[in-house]
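Undergrad: PDB, C-alpha atoms and all ligand atoms, file target11.pdb:
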```
ATOM      1  CA  MET X 168     218.870 -18.502 103.517
ATOM      2  CA  ARG X 169     222.556 -19.160 103.682
ATOM      3  CA  SER X 170     222.743 -18.702 107.430
ATOM      4  CA  ALA X 171     219.777 -21.046 107.899
ATOM      5  CA  ILE X 172     221.665 -23.806 106.083
ATOM      6  CA  SER X 173     224.786 -23.052 108.070
ATOM      7  CA  ARG X 174     222.784 -23.265 111.288
ATOM      8  CA  GLN X 175     221.243 -26.587 110.222
ATOM      9  CA  ARG X 176     224.674 -27.988 109.438
ATOM     10  CA  LYS X 177     226.005 -26.979 112.822
ATOM     11  CA  GLU X 178     222.939 -28.441 114.543
ATOM     12  CA  TYR X 179     223.460 -31.677 112.584
ATOM     13  CA  CYS X 180     227.116 -31.861 113.684
ATOM     14  CA  LYS X 181     226.032 -31.377 117.281
ATOM     15  CA  ARG X 182     223.403 -34.131 117.125
ATOM     16  CA  VAL X 183     225.755 -36.658 115.507
ATOM     17  CA  ALA X 184     228.493 -35.832 118.036
ATOM     18  CA  TYR X 185     226.009 -36.264 120.907
ATOM     19  CA  CYS X 186     224.800 -39.600 119.531
ATOM     20  CA  VAL X 187     228.355 -40.912 119.033
ATOM     21  CA  ILE X 188     229.371 -39.935 122.579
ATOM     22  CA  GLN X 189     226.222 -41.432 124.115
ATOM     23  CA  SER X 190     226.772 -44.813 122.481
ATOM     24  CA  ASN X 191     230.524 -45.193 123.090
ATOM     25  CA  ASP X 192     233.065 -45.064 125.898
ATOM     26  CA  LEU X 193     235.895 -44.153 123.585
ATOM     27  CA  VAL X 194     235.896 -42.180 120.338
ATOM     28  CA  ALA X 195     238.995 -41.981 118.145
ATOM     29  CA  TYR X 196     239.437 -39.665 115.187
ATOM     30  CA  GLU X 197     242.148 -38.356 112.910
ATOM     31  CA  ASP X 198     243.852 -35.175 113.979
ATOM     32  CA  LEU X 199     243.358 -33.684 110.528
ATOM     33  CA  ASN X 200     244.775 -30.511 109.139
ATOM     34  CA  VAL X 201     241.465 -29.691 107.464
ATOM     35  CA  LYS X 202     242.503 -26.174 106.468
ATOM     36  CA  GLY X 203     245.416 -27.635 104.526
ATOM     37  CA  MET X 204     243.181 -30.233 102.917
ATOM     38  CA  VAL X 205     240.605 -27.683 101.809
ATOM     39  CA  LYS X 206     243.370 -25.809  99.999
ATOM     40  CA  ASN X 207     243.976 -28.945  97.951
ATOM     41  CA  ARG X 208     241.363 -28.543  95.213
ATOM     42  CA  HIS X 209     241.064 -32.282  94.670
ATOM     43  CA  LEU X 210     239.888 -32.706  98.241
ATOM     44  CA  ALA X 211     238.073 -29.430  98.774
ATOM     45  CA  LYS X 212     234.763 -30.601  97.356
ATOM     46  CA  SER X 213     234.259 -33.351  99.885
ATOM     47  CA  ILE X 214     235.605 -31.666 102.979
ATOM     48  CA  SER X 215     234.041 -28.829 104.860
ATOM     49  CA  ASP X 216     236.445 -27.112 107.176
ATOM     50  CA  VAL X 217     233.593 -25.717 109.269
ATOM     51  CA  ALA X 218     231.645 -28.977 109.513
ATOM     52  CA  TRP X 219     234.622 -31.026 110.705
ATOM     53  CA  SER X 220     235.822 -28.510 113.280
ATOM     54  CA  THR X 221     232.256 -27.999 114.550
ATOM     55  CA  PHE X 222     231.787 -31.747 114.851
ATOM     56  CA  ARG X 223     235.097 -32.165 116.633
ATOM     57  CA  GLN X 224     234.389 -29.354 119.094
ATOM     58  CA  TRP X 225     231.029 -30.867 120.046
ATOM     59  CA  LEU X 226     232.597 -34.322 120.271
ATOM     60  CA  GLU X 227     235.226 -33.077 122.714
ATOM     61  CA  TYR X 228     232.656 -31.030 124.623
ATOM     62  CA  PHE X 229     230.257 -33.967 125.080
ATOM     63  CA  GLY X 230     233.203 -36.251 125.844
ATOM     64  CA  ILE X 231     234.178 -34.097 128.820
ATOM     65  CA  LYS X 232     230.556 -33.591 129.866
ATOM     66  CA  TYR X 233     229.700 -37.303 129.891
ATOM     67  CA  GLY X 234     233.110 -38.647 130.941
ATOM     68  CA  LYS X 235     233.998 -40.373 127.660
ATOM     69  CA  LEU X 236     237.435 -40.574 126.093
ATOM     70  CA  THR X 237     237.947 -38.625 122.871
ATOM     71  CA  ILE X 238     241.321 -39.303 121.295
ATOM     72  CA  PRO X 239     242.797 -37.543 118.256
ATOM     73  CA  VAL X 240     245.467 -39.596 116.470
ATOM     74  CA  ALA X 241     248.065 -38.654 113.845
ATOM     75  CA  PRO X 242     246.543 -39.316 110.401
ATOM     76  CA  HIS X 243     249.816 -40.664 109.000
ATOM     77  CA  ASN X 244     249.148 -43.816 106.887
ATOM     78  CA  THR X 245     245.771 -44.564 108.466
ATOM     79  CA  SER X 246     244.181 -45.191 105.085
ATOM     80  CA  GLN X 247     247.244 -46.851 103.532
ATOM     81  CA  ASN X 248     248.142 -49.432 106.149
ATOM     82  CA  CYS X 249     246.413 -52.797 106.377
ATOM     83  CA  SER X 250     244.474 -52.920 109.645
ATOM     84  CA  ASN X 251     244.847 -56.699 109.675
ATOM     85  CA  CYS X 252     248.583 -57.287 109.072
ATOM     86  CA  GLY X 253     249.983 -53.749 109.383
ATOM     87  CA  LYS X 254     251.703 -53.694 105.990
ATOM     88  CA  LYS X 255     251.468 -50.601 103.824
ATOM     89  CA  VAL X 256     249.107 -50.950 100.856
ATOM     90  CA  VAL X 257     249.404 -47.835  98.696
ATOM     91  CA  LYS X 258     246.125 -46.687  97.148
ATOM     92  CA  SER X 259     244.880 -43.544  95.469
ATOM     93  CA  LEU X 260     241.968 -41.469  96.802
ATOM     94  CA  SER X 261     239.624 -43.001  94.236
ATOM     95  CA  THR X 262     240.319 -46.552  95.440
ATOM     96  CA  ARG X 263     237.409 -47.199  97.772
ATOM     97  CA  THR X 264     238.242 -50.764  98.765
ATOM     98  CA  HIS X 265     241.285 -51.902 100.708
ATOM     99  CA  ILE X 266     242.602 -55.171  99.291
ATOM    100  CA  CYS X 267     245.764 -56.395 101.001
ATOM    101  CA  PRO X 268     248.106 -58.355  98.705
ATOM    102  CA  HIS X 269     250.010 -59.657 101.762
ATOM    103  CA  CYS X 270     247.268 -61.160 103.935
ATOM    104  CA  LYS X 271     244.312 -60.994 101.472
ATOM    105  CA  TYR X 272     242.294 -58.874 103.904
ATOM    106  CA  THR X 273     239.544 -56.998 102.044
ATOM    107  CA  GLU X 274     237.571 -54.150 103.569
ATOM    108  CA  ASP X 275     235.911 -50.867 102.745
ATOM    109  CA  ARG X 276     238.585 -48.169 102.592
ATOM    110  CA  ASP X 277     237.008 -46.089 105.363
ATOM    111  CA  VAL X 278     236.386 -49.051 107.656
ATOM    112  CA  ASN X 279     240.018 -50.164 107.260
ATOM    113  CA  ALA X 280     241.163 -46.615 108.093
ATOM    114  CA  ALA X 281     238.776 -46.455 111.074
ATOM    115  CA  LYS X 282     240.259 -49.667 112.467
ATOM    116  CA  ASN X 283     243.772 -48.212 112.141
ATOM    117  CA  ILE X 284     242.659 -45.015 113.873
ATOM    118  CA  LEU X 285     241.123 -47.007 116.713
ATOM    119  CA  LYS X 286     244.263 -49.140 117.109
ATOM    120  CA  LYS X 287     246.407 -46.022 117.350
ATOM    121  CA  ALA X 288     244.057 -44.512 119.924
ATOM    122  CA  LEU X 289     243.987 -47.683 122.011
ATOM    123  CA  SER X 290     247.785 -47.834 121.961
ATOM    124  CA  THR X 291     247.888 -44.290 123.365
ATOM    125  CA  VAL X 292     245.436 -45.050 126.172
ATOM    126  CA  GLY X 293     247.557 -48.081 126.960
ATOM    127  CA  GLN X 294     246.510 -50.196 129.898
ATOM    128  CA  THR X 295     243.445 -48.287 131.035
ATOM    129  CA  GLY X 296     241.404 -51.450 131.192
ATOM    130  CA  SER X 297     240.391 -54.421 129.119
ATOM    131  CA  LEU X 298     239.574 -52.498 125.968
ATOM    132  CA  LYS X 299     239.828 -54.689 122.910
ATOM    133  CA  LEU X 300     239.559 -53.680 119.282
ATOM    134  CA  GLY X 301     236.665 -56.058 118.592
ATOM    135  CA  GLU X 302     234.471 -54.320 121.134
ATOM    136  CA  PHE X 303     234.274 -51.153 119.090
ATOM    137  CA  GLU X 304     232.621 -50.404 115.800
ATOM    138  CA  PRO X 305     234.258 -47.875 113.525
ATOM    139  CA  LEU X 306     233.011 -44.319 113.957
ATOM    140  CA  LEU X 307     231.703 -44.146 110.418
ATOM    141  CA  MET X 308     229.320 -47.023 110.952
ATOM    142  CA  LEU X 309     228.090 -45.536 114.214
ATOM    143  CA  GLU X 310     227.449 -42.272 112.512
ATOM    144  CA  GLN X 311     225.364 -44.027 109.870
ATOM    145  CA  SER X 312     223.307 -45.879 112.460
ATOM    146  CA  CYS X 313     222.700 -42.618 114.310
ATOM    147  CA  ILE X 314     221.431 -41.034 111.130
ATOM    148  CA  GLU X 315     219.114 -43.937 110.393
ATOM    149  CA  LYS X 316     217.726 -43.990 113.929
ATOM    150  CA  ARG X 317     217.062 -40.308 114.126
ATOM    151  CA  GLU X 318     215.980 -39.773 110.517
ATOM    152  CA  LEU X 319     218.188 -36.730 110.163
TER     153      LEU X 319
HETATM  154 ZN    ZN S   1     247.231 -57.193 105.253
END
```
For this file, write the structure as structure tokens.

TA:
Amino acid sequence: MRSAISRQRKEYCKRVAYCVIQSNDLVAYEDLNVKGMVKNRHLAKSISDVAWSTFRQWLEYFGIKYGKLTIPVAPHNTSQNCSNCGKKVVKSLSTRTHICPHCKYTEDRDVNAAKNILKKALSTVGQTGSLKLGEFEPLLMLEQSCIEKREL
């Protein structure tokens, strides 16, 4: 029973990774130390070491296979910084909405972080073309649309 669930999870990671690669030319993600995070008992419940590393491996595999860019970025301050003005807005893990006191920008915590991750990735690819931030949707939203489409 346990191995069946584990197999389903791995299959799910593969399908989401495939879908994300098929619908994007560039995929950015945090270069997370998941093992370290799982040791933190406050975070352990919501993070699966195996699921993330499986997802990432498939993402990188499909990226190479289909000629898409997959870019890991340093996770430093991605959830704290304002993706609109760049100022640091300190928030705890339980704060789910980013509200910037400097520029008044308000956004879902994960979407704000995703925009920061994408900015970092685009700055590392540099002048590879006319890639602009507005042309990309955050990974999280793509993942959700994949799930809805495929009824996973
Ligand atoms: Zn701001």

Undergrad: Check which residues fall inside 10 Å of ligand ZN 1 (chain S) when counting all atoms listed in the file, and print them as a PDB file with C-alpha atoms, in the frame of the given file.

TA:
```
ATOM      1  CA  ASN X 248     248.142 -49.432 106.149  1.00  0.00           C
ATOM      2  CA  CYS X 249     246.413 -52.797 106.377  1.00  0.00           C
ATOM      3  CA  SER X 250     244.474 -52.920 109.645  1.00  0.00           C
ATOM      4  CA  ASN X 251     244.847 -56.699 109.675  1.00  0.00           C
ATOM      5  CA  CYS X 252     248.583 -57.287 109.072  1.00  0.00           C
ATOM      6  CA  GLY X 253     249.983 -53.749 109.383  1.00  0.00           C
ATOM      7  CA  LYS X 254     251.703 -53.694 105.990  1.00  0.00           C
ATOM      8  CA  LYS X 255     251.468 -50.601 103.824  1.00  0.00           C
ATOM      9  CA  VAL X 256     249.107 -50.950 100.856  1.00  0.00           C
ATOM     10  CA  HIS X 265     241.285 -51.902 100.708  1.00  0.00           C
ATOM     11  CA  ILE X 266     242.602 -55.171  99.291  1.00  0.00           C
ATOM     12  CA  CYS X 267     245.764 -56.395 101.001  1.00  0.00           C
ATOM     13  CA  PRO X 268     248.106 -58.355  98.705  1.00  0.00           C
ATOM     14  CA  HIS X 269     250.010 -59.657 101.762  1.00  0.00           C
ATOM     15  CA  CYS X 270     247.268 -61.160 103.935  1.00  0.00           C
ATOM     16  CA  LYS X 271     244.312 -60.994 101.472  1.00  0.00           C
ATOM     17  CA  TYR X 272     242.294 -58.874 103.904  1.00  0.00           C
ATOM     18  CA  THR X 273     239.544 -56.998 102.044  1.00  0.00           C
TER      19      THR X 273
END
```

Undergrad: Taking only C-alpha atoms into account, which of X:Leu199, X:Ala171, X:Leu260, X:Leu289 comes nearest Ala241 of chain X?

TA: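 Looking only at the distances to Ala241 of chain X, the closest residue turns out to be X:Leu199.
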
Undergrad: Neighbouring residues of Phe229 of chain X were defined as those with any atom within 8 Å, considering only C-alpha atoms; residues of the same chain fewer than 5 positions away were excluded. Please report them as a VMD selection string.

TA: chain X and resid 184 to 185 188 235

Undergrad: Have a look at atom CA of Cys180 of chain X and atom CA of His243 of chain X and let me know their distance in Å, one decimal.

TA: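 A separation of 24.8 Å between them.
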
Undergrad: Can you tell me how far atom CA of Thr237 of chain X sits from atom CA of Ala195 of chain X, in Å to one decimal?

TA: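 That distance, rounded to one decimal, is 5.9 Å.
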